[in-house]
Amino acid sequence: MIGPGMERRLLQGAILLAGCVPVTAGLAGVATGTGFVGGGNTLAAGQVAIESQISLESHMRYLSGLLLGIGLAFWAAVPRIEAHGQRVRLLAGIVVIGGLARALGVVADGPADGPMTAALAMELAVTPALALWQGRVARRWGPVVTARRHSAERHSAGLGAPAGAARSPVSVSSGSSSRRDTSV
């Protein structure tokens with residue numbers, strides 16, 4: 001069994017890797033509009049068709065910007081992933097709602113191409129799994145963080161380690177103390 005620190009680092013890596021999907025897709029959609037999904041950027045003849053295409057392009061770029069923001073928000077949680085459960089769950093919920101909307105499209109219109117099917121898998125399987133994993137890491141890592149914080153607070157108040165708690169190596173010399181943290 002891997003320790004909480006290693007599991008935390010693995011989760012951080014997985015979220016960084018998975019975050020590449022919305023960030024890259026969001027940037028591509030912002031830059032190219034419907035051209036990103038094979039819609040092309042040709043404008044049909046007639047004012048109504050042109051206005052419709054422009055509106056579609058605008059909406060695609062807006063949604064791509066949201067996707068980019070979701071990916072960046074996931075990445076922002078990585079440094080202290082164990083402490084960002086609410087953010088991860090909120091973002092995962094937003095992604096799942098989007099995936100359910102995409103799945104409704106599959107039911108109504110038939111299956112999409114390979115990249116859209118892969119996106120559906122990310123939205124309805126990978127992202128919820130990462131959110132569940134974050135909860136596990138938070139439960140395993142939380143006591144470690146809490147114990148370190150409590151110990152540091154007690155140490156800074158001159159109280160030493162709590163009764164019955166394992167003490168970190170502390171050296172005392174000339175009335176001043178310095179803490180050497182050997183934990184991972």
# chains A, B, ... in the order shown; residues from 1 in each chain; ligands from 1
>>> residues_around(residues="A:Glu82", least_positions_apart="4", cutoff="8 Å", atoms="only C-alpha atoms", output="list in words")
Arg8, Gln134, Gly135, Val137, Ala138, Trp141 and Gly142 of chain A
>>> write_last_selection(atoms="C-alpha atoms", output="short mmCIF file (atom, residue, chain, number, x, y, z; two decimals), in the first residue's frame")
data_model
loop_
_atom_site.label_atom_id
_atom_site.label_comp_id
_atom_site.auth_asym_id
_atom_site.auth_seq_id
_atom_site.Cartn_x
_atom_site.Cartn_y
_atom_site.Cartn_z
CA ARG A 8 -1.30 12.74 -2.96
CA GLN A 134 -9.40 13.58 -4.09
CA GLY A 135 -11.78 12.75 -1.23
CA VAL A 137 -6.50 11.65 -0.40
CA ALA A 138 -8.06 14.37 1.76
CA TRP A 141 -3.69 13.32 4.17
CA GLY A 142 -5.90 15.46 6.41
#
>>> residues_around(residues="A:Arg9", least_positions_apart="4", cutoff="10 Å", atoms="only C-alpha atoms", output="PyMOL selection string")
chain A and resi 4-5+13-15+78-79+81+137
>>> write_last_selection(atoms="N, CA and C atoms", output="mmCIF file, in the first residue's frame")
data_model
loop_
_atom_site.group_PDB
_atom_site.id
_atom_site.type_symbol
_atom_site.label_atom_id
_atom_site.label_comp_id
_atom_site.auth_asym_id
_atom_site.auth_seq_id
_atom_site.Cartn_x
_atom_site.Cartn_y
_atom_site.Cartn_z
ATOM 1 N N PRO A 4 0.173 8.076 2.227
ATOM 2 C CA PRO A 4 -0.659 9.218 1.856
ATOM 3 C C PRO A 4 0.096 10.259 1.032
ATOM 4 N N GLY A 5 1.366 10.471 1.318
ATOM 5 C CA GLY A 5 2.138 11.453 0.560
ATOM 6 C C GLY A 5 2.304 11.051 -0.893
ATOM 7 N N GLY A 13 -0.485 14.561 -10.047
ATOM 8 C CA GLY A 13 -0.065 14.278 -11.424
ATOM 9 C C GLY A 13 -1.238 13.934 -12.321
ATOM 10 N N ALA A 14 -2.169 13.144 -11.801
ATOM 11 C CA ALA A 14 -3.338 12.751 -12.600
ATOM 12 C C ALA A 14 -4.196 13.962 -12.939
ATOM 13 N N ILE A 15 -4.377 14.877 -11.980
ATOM 14 C CA ILE A 15 -5.186 16.057 -12.251
ATOM 15 C C ILE A 15 -4.466 16.995 -13.210
ATOM 16 N N VAL A 78 -4.150 21.936 -7.548
ATOM 17 C CA VAL A 78 -3.125 20.889 -7.436
ATOM 18 C C VAL A 78 -2.131 21.102 -6.294
ATOM 19 N N PRO A 79 -1.562 22.281 -6.083
ATOM 20 C CA PRO A 79 -0.531 22.393 -5.040
ATOM 21 C C PRO A 79 -0.982 21.931 -3.661
ATOM 22 N N ILE A 81 -3.910 19.928 -3.095
ATOM 23 C CA ILE A 81 -5.065 19.154 -3.547
ATOM 24 C C ILE A 81 -5.877 18.591 -2.392
ATOM 25 N N VAL A 137 -7.771 11.027 -0.773
ATOM 26 C CA VAL A 137 -6.498 11.647 -0.399
ATOM 27 C C VAL A 137 -6.718 12.630 0.749
#
>>> residues_around(residues="A:Met116", least_positions_apart="3", cutoff="12 Å", atoms="only C-alpha atoms", output="ChimeraX atom specification")
/A:21,25,36-38,99,102-103,105-106,110-113,119-123
>>> closest_residue(among="A:Gln86, A:Thr117, A:Gln53, A:Gln12", to="A:Gly35", atoms="only C-alpha atoms")
A:Gln53
>>> atom_distance(atom1="atom CA of A:Val23", atom2="atom CA of A:Ile70")
7.8 Å
>>> residues_around(residues="A:Ala73", least_positions_apart="3", cutoff="10 Å", atoms="only C-alpha atoms", output="ChimeraX atom specification")
/A:19,23,67-70,76-78,87-88,91
